[in-house]
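Take a look at the structure set out below.
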Amino acid sequence: MKVLVIGSGGREHALCWKLRESPSVEKVYAIPGSDGMQDVASSVPVASQEDILDFARLMQVDLTVAGPETVLAEGLGDRFREAGLPFFGPSQAAARIEGSKGFAKELMKKYHIPTAAYETFTSEEDAVAYVKAQTKYPLVIKADGLAAGKGVVIAQDEAEALEAVRDMMEGKSFGAAGTTVVIEEFMEGEEASVLSFCDGTTIVPMISSQDHKRIHDGDEGPNTGGMGAYAPAPVMTVDLMKTVQETILQPACDAMRAEGYPFVGCLYAGLMITSEGPKVVEFNCRFGDPETEVVLPMLDGDLAEIMMHCVNGTLSPEDVHWKDGYAVDVVLASEGYPAGHTDGDAICGIEDAQRAGCHIFHAGTKKKSGAFVTAGGRVLNVVARGATLREARDKAYEGVSHIQWRGMQYRRDIAAKGLKHLESQK
C-alpha cells in the first residue's frame, strides 16, 4: 500500500521509518516532510488541507497518518473521511481531548477517570481570586488550548502562580491557547506515558515510556517539547498497566464513543503514578514526541496493518506484539532552546552514530550544500535498542558522542530513573 504521513519532525521521521519497514507498504510520502526523512519517505511540499487531500487522491494513497495535533484539531481527519479516504487519526470533535484541557477534564470528571482536582477559568479576575485563596503549593497552571507541549507552569508560590495566570490570559505566553486556563492540584509521583492504538471501540496499549520534559539534568530548568525518552518504563509494572487499561484507557475510549465522537487513532495518556494509583496528567490525540521514537523501534510487526485495523474498526490485542529489551532516545537540541534557537550550524558525525548502531531521527535539520545543518530547537533524536536498559542507554550516548555542532546541548541523565527502579527491584 501507499502511505502518507503528515508532519516534518522526529516523530514523523520515526513513523515514516517504521511504516517503510512494513511488508504491506510499497511507498511512503511525507507532507511537508524534511531533508532528513529522504532515506525513508518522499517529501511533498504542500501546505493546505485541500492540497493534501488532492495529493492523496492523485497518488491513490491507501492510508494517511497524522503526526501533529494541529492538523487534527483543524479537522483534517473529517475531510479525509468525507472523501472516503482511510485516515489514522481522530475527528475534530474527538481531537478536543487534547485541543482543550478544560474539555478533557470535564470528560474525565463525568466518566470517573482518575485525574487531579481542578477548576477552569475564562475570567482573569476569577482566576486571580482563586489563586489567592489557595494555601497548598506547588499549583499547576495550564493553558487550555494547544501550546506545542509547553503550555504548563508548575508554580511554586502565589507570586509565580499569579504571574503565570496573567501572562497566559493576557496572551503573552501562549497566545489564544491561554485565554482560558485550567488550574489544578499538583500531583506527587513519577510520570509515565502510555500510547494506545484505538479503533473507536477497542483500545490496545503500546509499551510504556517515560519522557524527560525539562531542559537540564535532574529535571531542572524550563519545560521543553521533550529532551529524551526510554521504553518500556520500569515504573509501569504489569499490575499498573492492567490498572491503567481498566480505569483510564478503556473508560476514555468508551466515554468518547458514548459522547458521539469515537476515537480512532493513537490516544496518548500522560500519567502520574501517585500513592493512590495512576492518574491522568493529560490526554493527547496523537503519537507523543519523543515517545514515538522509542516505542516504534520496539514494535514487532506491521505498523500499517495495525493502523488499517484501527481505521476499519477491526483492532484486536492479538494484532500488536513487542520486541524484548529496551530503547533509549537522547534528544540533541540547538543553542538557546527552549527560549529560542540558532539555525544553520553545520552538523558532524551523523553517519558515525549510525555506524555505532543508532537510529537517527531528524527533528530540525535541513541540507545545505549536501550536508546537514541545524534548523530548529530540537535537532536530532539519537535512538538505540539493547537487551537491557543500561545497554540501550550506553549505546545511545555512544552515538551522541560522535555528533557535534556549535552550541549543541543535551541531557546526560536520560533513563536514570528507570535504571534506579530496576536496581531497587533486585
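By order of appearance in the C-alpha cells: chains A, B, ..., then residues from 1 within every chain, and ligands from 1 in the order shown.
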
Within 6 Å of range 9-20 of chain A, which residues of range 296-367 of chain A come that close, and what is the closest atom pair and distance in Å for each? Count only C-alpha atoms and give it as CSV.
residue,atom,partner,partner_atom,distance
A:Leu303,CA,A:Leu19,CA,5.9
A:Ala304,CA,A:Leu19,CA,5.9
A:Phe361,CA,A:Gly10,CA,5.1
A:His362,CA,A:Gly10,CA,4.9
A:Ala363,CA,A:Gly10,CA,3.9

- Can you list every residue in range 161-339 of chain A that DSSP puts in alpha helix (DSSP H), as number ranges by chain? A: 161-169, 238-244, 250-258, 291-295, 303-312

Keeping only C-alpha atoms, write the selected residues to a file as an mmCIF file, in the first residue's frame.
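Written output follows (again_20.cif):
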data_model
loop_
_atom_site.group_PDB
_atom_site.id
_atom_site.type_symbol
_atom_site.label_atom_id
_atom_site.label_comp_id
_atom_site.auth_asym_id
_atom_site.auth_seq_id
_atom_site.Cartn_x
_atom_site.Cartn_y
_atom_site.Cartn_z
ATOM 1 C CA ALA A 161 1.029 31.397 40.013
ATOM 2 C CA LEU A 162 -0.349 34.925 39.575
ATOM 3 C CA GLU A 163 2.328 35.768 37.015
ATOM 4 C CA ALA A 164 1.531 32.589 35.041
ATOM 5 C CA VAL A 165 -2.217 33.277 35.058
ATOM 6 C CA ARG A 166 -1.770 36.885 33.920
ATOM 7 C CA ASP A 167 0.776 36.038 31.225
ATOM 8 C CA MET A 168 -1.436 33.249 29.854
ATOM 9 C CA MET A 169 -4.781 35.037 29.986
ATOM 10 C CA VAL A 238 2.388 -5.321 34.783
ATOM 11 C CA ASP A 239 -0.190 -4.665 37.507
ATOM 12 C CA LEU A 240 -0.095 -0.900 36.928
ATOM 13 C CA MET A 241 -0.552 -1.374 33.176
ATOM 14 C CA LYS A 242 -3.616 -3.505 33.887
ATOM 15 C CA THR A 243 -4.982 -0.764 36.168
ATOM 16 C CA VAL A 244 -4.337 1.897 33.508
ATOM 17 C CA GLN A 250 -10.879 1.739 28.128
ATOM 18 C CA PRO A 251 -13.099 4.192 30.051
ATOM 19 C CA ALA A 252 -11.750 7.073 27.915
ATOM 20 C CA CYS A 253 -12.421 5.124 24.723
ATOM 21 C CA ASP A 254 -15.931 4.213 25.941
ATOM 22 C CA ALA A 255 -16.608 7.811 27.055
ATOM 23 C CA MET A 256 -15.780 9.299 23.671
ATOM 24 C CA ARG A 257 -17.910 6.741 21.869
ATOM 25 C CA ALA A 258 -20.806 7.388 24.287
ATOM 26 C CA GLU A 291 7.994 8.801 22.984
ATOM 27 C CA THR A 292 7.275 7.626 19.441
ATOM 28 C CA GLU A 293 10.990 7.468 18.716
ATOM 29 C CA VAL A 294 11.477 4.790 21.409
ATOM 30 C CA VAL A 295 8.143 2.959 21.227
ATOM 31 C CA LEU A 303 2.521 -0.832 11.725
ATOM 32 C CA ALA A 304 0.497 -0.087 8.592
ATOM 33 C CA GLU A 305 -1.666 -3.182 9.096
ATOM 34 C CA ILE A 306 -2.311 -2.259 12.741
ATOM 35 C CA MET A 307 -3.330 1.247 11.681
ATOM 36 C CA MET A 308 -5.651 -0.143 8.999
ATOM 37 C CA HIS A 309 -7.302 -2.334 11.661
ATOM 38 C CA CYS A 310 -7.934 0.854 13.660
ATOM 39 C CA VAL A 311 -9.389 2.622 10.622
ATOM 40 C CA ASN A 312 -11.605 -0.355 9.756
#

Among range 103-261 of chain A, which ones does DSSP assign to strand (DSSP E) (computed from the backbone)? Answer as a PDB file with N, CA and C atoms, in the first residue's frame.
ATOM      1  N   TYR A 118      -9.425  20.141  39.863  1.00  0.00           N
ATOM      2  CA  TYR A 118      -9.139  21.293  39.008  1.00  0.00           C
ATOM      3  C   TYR A 118     -10.299  22.285  38.993  1.00  0.00           C
ATOM      4  N   GLU A 119     -10.032  23.462  38.442  1.00  0.00           N
ATOM      5  CA  GLU A 119     -11.055  24.452  38.100  1.00  0.00           C
ATOM      6  C   GLU A 119     -10.639  25.100  36.775  1.00  0.00           C
ATOM      7  N   THR A 120     -11.637  25.479  35.965  1.00  0.00           N
ATOM      8  CA  THR A 120     -11.380  26.118  34.675  1.00  0.00           C
ATOM      9  C   THR A 120     -11.850  27.572  34.724  1.00  0.00           C
ATOM     10  N   PHE A 121     -11.061  28.481  34.130  1.00  0.00           N
ATOM     11  CA  PHE A 121     -11.385  29.908  34.195  1.00  0.00           C
ATOM     12  C   PHE A 121     -11.283  30.566  32.818  1.00  0.00           C
ATOM     13  N   LEU A 139       1.289  24.633  42.527  1.00  0.00           N
ATOM     14  CA  LEU A 139      -0.008  24.686  41.863  1.00  0.00           C
ATOM     15  C   LEU A 139       0.271  24.607  40.354  1.00  0.00           C
ATOM     16  N   VAL A 140      -0.561  23.870  39.632  1.00  0.00           N
ATOM     17  CA  VAL A 140      -0.331  23.669  38.190  1.00  0.00           C
ATOM     18  C   VAL A 140      -1.261  24.576  37.400  1.00  0.00           C
ATOM     19  N   ILE A 141      -0.687  25.403  36.543  1.00  0.00           N
ATOM     20  CA  ILE A 141      -1.451  26.323  35.689  1.00  0.00           C
ATOM     21  C   ILE A 141      -1.278  25.853  34.249  1.00  0.00           C
ATOM     22  N   LYS A 142      -2.394  25.583  33.558  1.00  0.00           N
ATOM     23  CA  LYS A 142      -2.319  25.062  32.194  1.00  0.00           C
ATOM     24  C   LYS A 142      -3.088  25.967  31.233  1.00  0.00           C
ATOM     25  N   ALA A 143      -2.460  26.288  30.099  1.00  0.00           N
ATOM     26  CA  ALA A 143      -3.187  26.932  29.003  1.00  0.00           C
ATOM     27  C   ALA A 143      -4.164  25.911  28.439  1.00  0.00           C
ATOM     28  N   VAL A 152       2.274  24.568  30.214  1.00  0.00           N
ATOM     29  CA  VAL A 152       2.075  24.210  31.622  1.00  0.00           C
ATOM     30  C   VAL A 152       3.118  24.918  32.476  1.00  0.00           C
ATOM     31  N   VAL A 153       2.658  25.539  33.560  1.00  0.00           N
ATOM     32  CA  VAL A 153       3.572  26.146  34.535  1.00  0.00           C
ATOM     33  C   VAL A 153       3.302  25.502  35.890  1.00  0.00           C
ATOM     34  N   ILE A 154       4.346  25.002  36.525  1.00  0.00           N
ATOM     35  CA  ILE A 154       4.231  24.485  37.891  1.00  0.00           C
ATOM     36  C   ILE A 154       4.698  25.592  38.823  1.00  0.00           C
ATOM     37  N   ALA A 155       3.723  26.291  39.395  1.00  0.00           N
ATOM     38  CA  ALA A 155       4.018  27.469  40.221  1.00  0.00           C
ATOM     39  C   ALA A 155       4.373  27.037  41.642  1.00  0.00           C
ATOM     40  N   VAL A 181      -7.771  29.161  31.144  1.00  0.00           N
ATOM     41  CA  VAL A 181      -6.771  28.386  31.884  1.00  0.00           C
ATOM     42  C   VAL A 181      -7.434  27.357  32.777  1.00  0.00           C
ATOM     43  N   VAL A 182      -6.706  26.274  32.986  1.00  0.00           N
ATOM     44  CA  VAL A 182      -7.100  25.238  33.939  1.00  0.00           C
ATOM     45  C   VAL A 182      -6.097  25.285  35.085  1.00  0.00           C
ATOM     46  N   ILE A 183      -6.600  25.402  36.299  1.00  0.00           N
ATOM     47  CA  ILE A 183      -5.739  25.405  37.490  1.00  0.00           C
ATOM     48  C   ILE A 183      -6.042  24.136  38.269  1.00  0.00           C
ATOM     49  N   GLU A 184      -4.997  23.362  38.527  1.00  0.00           N
ATOM     50  CA  GLU A 184      -5.242  22.078  39.192  1.00  0.00           C
ATOM     51  C   GLU A 184      -4.214  21.789  40.266  1.00  0.00           C
ATOM     52  N   GLU A 185      -4.572  20.834  41.113  1.00  0.00           N
ATOM     53  CA  GLU A 185      -3.670  20.440  42.194  1.00  0.00           C
ATOM     54  C   GLU A 185      -2.424  19.792  41.620  1.00  0.00           C
ATOM     55  N   GLU A 190       5.647   9.841  39.998  1.00  0.00           N
ATOM     56  CA  GLU A 190       6.530   9.757  38.839  1.00  0.00           C
ATOM     57  C   GLU A 190       5.688   9.681  37.578  1.00  0.00           C
ATOM     58  N   GLU A 191       6.101  10.419  36.554  1.00  0.00           N
ATOM     59  CA  GLU A 191       5.330  10.447  35.313  1.00  0.00           C
ATOM     60  C   GLU A 191       5.699   9.286  34.394  1.00  0.00           C
ATOM     61  N   ALA A 192       4.729   8.867  33.601  1.00  0.00           N
ATOM     62  CA  ALA A 192       4.937   7.864  32.555  1.00  0.00           C
ATOM     63  C   ALA A 192       3.920   8.131  31.460  1.00  0.00           C
ATOM     64  N   SER A 193       4.195   7.610  30.283  1.00  0.00           N
ATOM     65  CA  SER A 193       3.292   7.783  29.152  1.00  0.00           C
ATOM     66  C   SER A 193       2.879   6.420  28.613  1.00  0.00           C
ATOM     67  N   VAL A 194       1.609   6.306  28.241  1.00  0.00           N
ATOM     68  CA  VAL A 194       1.136   5.104  27.558  1.00  0.00           C
ATOM     69  C   VAL A 194       0.382   5.547  26.305  1.00  0.00           C
ATOM     70  N   LEU A 195       0.939   5.222  25.146  1.00  0.00           N
ATOM     71  CA  LEU A 195       0.272   5.449  23.882  1.00  0.00           C
ATOM     72  C   LEU A 195      -0.557   4.214  23.564  1.00  0.00           C
ATOM     73  N   SER A 196      -1.671   4.391  22.879  1.00  0.00           N
ATOM     74  CA  SER A 196      -2.551   3.261  22.575  1.00  0.00           C
ATOM     75  C   SER A 196      -3.095   3.348  21.162  1.00  0.00           C
ATOM     76  N   PHE A 197      -3.240   2.193  20.534  1.00  0.00           N
ATOM     77  CA  PHE A 197      -3.983   2.094  19.282  1.00  0.00           C
ATOM     78  C   PHE A 197      -5.467   1.999  19.626  1.00  0.00           C
ATOM     79  N   CYS A 198      -6.299   2.712  18.889  1.00  0.00           N
ATOM     80  CA  CYS A 198      -7.729   2.721  19.203  1.00  0.00           C
ATOM     81  C   CYS A 198      -8.543   2.734  17.910  1.00  0.00           C
ATOM     82  N   ASP A 199      -9.581   1.885  17.849  1.00  0.00           N
ATOM     83  CA  ASP A 199     -10.443   1.843  16.656  1.00  0.00           C
ATOM     84  C   ASP A 199     -11.842   2.394  16.927  1.00  0.00           C
ATOM     85  N   ILE A 203      -9.332  -0.628  22.461  1.00  0.00           N
ATOM     86  CA  ILE A 203      -8.102   0.152  22.670  1.00  0.00           C
ATOM     87  C   ILE A 203      -7.009  -0.790  23.163  1.00  0.00           C
ATOM     88  N   VAL A 204      -5.861  -0.757  22.491  1.00  0.00           N
ATOM     89  CA  VAL A 204      -4.746  -1.660  22.797  1.00  0.00           C
ATOM     90  C   VAL A 204      -3.521  -0.812  23.156  1.00  0.00           C
ATOM     91  N   PRO A 205      -3.073  -0.883  24.409  1.00  0.00           N
ATOM     92  CA  PRO A 205      -1.933  -0.055  24.807  1.00  0.00           C
ATOM     93  C   PRO A 205      -0.634  -0.511  24.167  1.00  0.00           C
ATOM     94  N   MET A 206       0.228   0.443  23.877  1.00  0.00           N
ATOM     95  CA  MET A 206       1.596   0.154  23.483  1.00  0.00           C
ATOM     96  C   MET A 206       2.421  -0.004  24.757  1.00  0.00           C
ATOM     97  N   ILE A 207       3.697  -0.334  24.617  1.00  0.00           N
ATOM     98  CA  ILE A 207       4.540  -0.412  25.808  1.00  0.00           C
ATOM     99  C   ILE A 207       4.673   0.990  26.412  1.00  0.00           C
ATOM    100  N   SER A 208       4.895   1.044  27.702  1.00  0.00           N
ATOM    101  CA  SER A 208       5.005   2.332  28.392  1.00  0.00           C
ATOM    102  C   SER A 208       6.321   3.021  28.042  1.00  0.00           C
ATOM    103  N   SER A 209       6.363   4.306  28.312  1.00  0.00           N
ATOM    104  CA  SER A 209       7.587   5.067  28.095  1.00  0.00           C
ATOM    105  C   SER A 209       7.649   6.194  29.116  1.00  0.00           C
ATOM    106  N   GLN A 210       8.791   6.835  29.198  1.00  0.00           N
ATOM    107  CA  GLN A 210       8.926   8.000  30.075  1.00  0.00           C
ATOM    108  C   GLN A 210       9.691   9.093  29.350  1.00  0.00           C
ATOM    109  N   ASP A 211       9.060  10.264  29.262  1.00  0.00           N
ATOM    110  CA  ASP A 211       9.621  11.449  28.620  1.00  0.00           C
ATOM    111  C   ASP A 211      10.413  12.249  29.651  1.00  0.00           C
ATOM    112  N   ARG A 214      12.086  18.595  31.110  1.00  0.00           N
ATOM    113  CA  ARG A 214      12.909  19.752  31.475  1.00  0.00           C
ATOM    114  C   ARG A 214      14.205  19.772  30.657  1.00  0.00           C
ATOM    115  N   ILE A 215      14.731  20.954  30.454  1.00  0.00           N
ATOM    116  CA  ILE A 215      15.899  21.110  29.592  1.00  0.00           C
ATOM    117  C   ILE A 215      17.175  20.562  30.226  1.00  0.00           C
ATOM    118  N   HIS A 216      17.292  20.617  31.573  1.00  0.00           N
ATOM    119  CA  HIS A 216      18.553  20.257  32.220  1.00  0.00           C
ATOM    120  C   HIS A 216      18.455  18.952  33.010  1.00  0.00           C
ATOM    121  N   GLU A 220      15.657  19.888  35.920  1.00  0.00           N
ATOM    122  CA  GLU A 220      15.805  21.310  36.231  1.00  0.00           C
ATOM    123  C   GLU A 220      15.581  22.140  34.968  1.00  0.00           C
ATOM    124  N   GLY A 221      15.214  23.412  35.178  1.00  0.00           N
ATOM    125  CA  GLY A 221      15.065  24.329  34.053  1.00  0.00           C
ATOM    126  C   GLY A 221      13.677  24.287  33.447  1.00  0.00           C
ATOM    127  N   PRO A 222      13.451  25.091  32.403  1.00  0.00           N
ATOM    128  CA  PRO A 222      12.118  25.204  31.809  1.00  0.00           C
ATOM    129  C   PRO A 222      11.679  23.952  31.058  1.00  0.00           C
ATOM    130  N   ASN A 223      10.359  23.849  30.857  1.00  0.00           N
ATOM    131  CA  ASN A 223       9.805  22.760  30.062  1.00  0.00           C
ATOM    132  C   ASN A 223      10.204  22.897  28.600  1.00  0.00           C
ATOM    133  N   GLY A 228      14.203  13.678  25.649  1.00  0.00           N
ATOM    134  CA  GLY A 228      14.588  12.276  25.541  1.00  0.00           C
ATOM    135  C   GLY A 228      13.526  11.387  26.153  1.00  0.00           C
ATOM    136  N   ALA A 229      13.670  10.088  25.926  1.00  0.00           N
ATOM    137  CA  ALA A 229      12.681   9.135  26.441  1.00  0.00           C
ATOM    138  C   ALA A 229      13.294   7.747  26.456  1.00  0.00           C
ATOM    139  N   TYR A 230      12.619   6.839  27.157  1.00  0.00           N
ATOM    140  CA  TYR A 230      13.013   5.429  27.110  1.00  0.00           C
ATOM    141  C   TYR A 230      11.765   4.563  27.252  1.00  0.00           C
ATOM    142  N   ALA A 231      11.871   3.339  26.765  1.00  0.00           N
ATOM    143  CA  ALA A 231      10.741   2.411  26.813  1.00  0.00           C
ATOM    144  C   ALA A 231      11.274   0.978  26.860  1.00  0.00           C
TER     145      ALA A 231
END

- Task: Determine, counting only C-alpha atoms, which protein, DNA and RNA residues have an atom within 7 Å of an atom of Cys285 in chain A; residues of the same chain fewer than 5 positions away are not included. Present the result as a list in words.
- Result: Glu69, Pro90, Ala95, Ile97, Glu98, Cys266, Leu267 and Tyr268 of chain A

- Can you pull out every residue within 8 Å of Met1 in chain A, counting only C-alpha atoms, but drop anything in the same chain fewer than 2 positions away, and send it as a list in words? Val3, Ser24, Val25, Glu26, Lys27, Val61, Asp62 and Leu63 of chain A

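Taking CA of Gly325 in chain A as the reference point, CA of His359 in chain A is found at 15.8 Å.
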
- Pick from A:Tyr29, A:Phe80, A:Phe283, A:Tyr337, whichever lies nearest to Leu146 in chain A using only C-alpha atoms: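 Of all the options, A:Phe283 lies closest to Leu146 in chain A.
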
- Message: List the spatial neighbours of Val46 in chain A as a count of residues only - criterion: any atom at most 8 Å away, only C-alpha atoms, same-chain residues fewer than 2 positions off excluded.
- Response: 6

Pick out the residues sitting within 10 Å of Gly99 in chain A, and hand them over as a PDB file with N, CA and C atoms, in the first residue's frame; count only C-alpha atoms, and ignore anything fewer than 6 positions along from it in its own chain.
ATOM      1  N   GLU A  69      -0.712  17.409  16.297  1.00  0.00           N
ATOM      2  CA  GLU A  69      -2.080  17.614  16.781  1.00  0.00           C
ATOM      3  C   GLU A  69      -2.796  18.737  16.043  1.00  0.00           C
ATOM      4  N   THR A  70      -2.037  19.681  15.508  1.00  0.00           N
ATOM      5  CA  THR A  70      -2.662  20.852  14.886  1.00  0.00           C
ATOM      6  C   THR A  70      -3.588  20.473  13.733  1.00  0.00           C
ATOM      7  N   LEU A  72      -5.123  17.731  13.257  1.00  0.00           N
ATOM      8  CA  LEU A  72      -6.281  17.004  13.785  1.00  0.00           C
ATOM      9  C   LEU A  72      -7.285  17.974  14.385  1.00  0.00           C
ATOM     10  N   ALA A  73      -6.769  18.957  15.139  1.00  0.00           N
ATOM     11  CA  ALA A  73      -7.651  19.964  15.737  1.00  0.00           C
ATOM     12  C   ALA A  73      -8.335  20.807  14.666  1.00  0.00           C
ATOM     13  N   GLU A  74      -7.701  20.907  13.506  1.00  0.00           N
ATOM     14  CA  GLU A  74      -8.279  21.671  12.392  1.00  0.00           C
ATOM     15  C   GLU A  74      -9.250  20.852  11.547  1.00  0.00           C
ATOM     16  N   GLN A  92     -12.206  15.962  14.366  1.00  0.00           N
ATOM     17  CA  GLN A  92     -12.000  17.238  15.056  1.00  0.00           C
ATOM     18  C   GLN A  92     -12.666  17.220  16.427  1.00  0.00           C
ATOM     19  N   ALA A  93     -13.857  16.619  16.505  1.00  0.00           N
ATOM     20  CA  ALA A  93     -14.564  16.550  17.794  1.00  0.00           C
ATOM     21  C   ALA A  93     -13.792  15.720  18.802  1.00  0.00           C
ATOM     22  N   ASP A 144      -5.407  26.322  28.220  1.00  0.00           N
ATOM     23  CA  ASP A 144      -6.438  25.374  27.785  1.00  0.00           C
ATOM     24  C   ASP A 144      -6.160  24.812  26.402  1.00  0.00           C
ATOM     25  N   GLY A 145      -5.660  25.630  25.489  1.00  0.00           N
ATOM     26  CA  GLY A 145      -5.507  25.214  24.093  1.00  0.00           C
ATOM     27  C   GLY A 145      -4.155  24.592  23.793  1.00  0.00           C
ATOM     28  N   LEU A 146      -3.894  24.396  22.498  1.00  0.00           N
ATOM     29  CA  LEU A 146      -2.657  23.774  22.056  1.00  0.00           C
ATOM     30  C   LEU A 146      -1.489  24.736  22.208  1.00  0.00           C
ATOM     31  N   ALA A 147      -0.407  24.243  22.828  1.00  0.00           N
ATOM     32  CA  ALA A 147       0.770  25.103  23.053  1.00  0.00           C
ATOM     33  C   ALA A 147       2.058  24.331  22.826  1.00  0.00           C
ATOM     34  N   ALA A 177      -4.150  30.263  22.952  1.00  0.00           N
ATOM     35  CA  ALA A 177      -4.240  28.992  23.684  1.00  0.00           C
ATOM     36  C   ALA A 177      -4.427  29.206  25.179  1.00  0.00           C
ATOM     37  N   PHE A 283      -4.322  14.030  28.231  1.00  0.00           N
ATOM     38  CA  PHE A 283      -4.512  13.180  27.066  1.00  0.00           C
ATOM     39  C   PHE A 283      -4.023  13.934  25.839  1.00  0.00           C
ATOM     40  N   ASN A 284      -3.395  13.217  24.916  1.00  0.00           N
ATOM     41  CA  ASN A 284      -3.075  13.767  23.603  1.00  0.00           C
ATOM     42  C   ASN A 284      -3.764  12.925  22.544  1.00  0.00           C
ATOM     43  N   CYS A 285      -4.021  13.542  21.402  1.00  0.00           N
ATOM     44  CA  CYS A 285      -4.803  12.864  20.368  1.00  0.00           C
ATOM     45  C   CYS A 285      -3.927  12.289  19.266  1.00  0.00           C
TER      46      CYS A 285
END

- Query: Near Thr224 in chain A, counting only C-alpha atoms, which residues have an atom at most 6 Å away, once you skip same-chain residues fewer than 2 positions from it, shown as a PyMOL selection string?
  - Reply: chain A and resi 213-214+226+338

Mind writing the picked residues with C-alpha atoms as a compact mmCIF listing (two decimals), in the first residue's frame?
# COMPACT_ATOMS: atom_id res chain seq x y z
CA LYS A 213 10.46 17.42 29.72
CA ARG A 214 12.91 19.75 31.47
CA GLY A 226 10.89 16.66 25.33
CA PRO A 338 13.73 26.22 24.54

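Candidate residues A:Gly418, A:Gly376, A:Pro138, A:Gly357 were compared for distance to Gly399 in chain A, and the nearest is A:Gly357, using only C-alpha atoms.
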
- CA of Tyr410 in chain A and CA of Leu332 in chain A, how far apart in Å?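 A separation of 5.1 Å between them.
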
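Using only C-alpha atoms, the nearest neighbour of Ala339 in chain A within the list A:Thr314, A:Tyr111, A:Asp352, A:Gly225 is A:Gly225.
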
- Message: Restricting the calculation to only C-alpha atoms: of A:Ser369, A:Gln354, A:Thr342, A:Thr388, which residue gets closest to Tyr326 in chain A?
- Response: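 Smallest separation from Tyr326 in chain A among the options: A:Thr388.
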
- Taking into account only C-alpha atoms, which residue in the set A:Gly349, A:Gly102, A:Gly175, A:Gly67 is nearest to Gly33 in chain A?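 Once distances to Gly33 in chain A are computed over only C-alpha atoms, the minimum belongs to A:Gly67.
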
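With distances restricted to only C-alpha atoms, A:Val264 is the closest residue to Phe88 in chain A from A:Val235, A:Val264, A:Ala116, A:Ala333.
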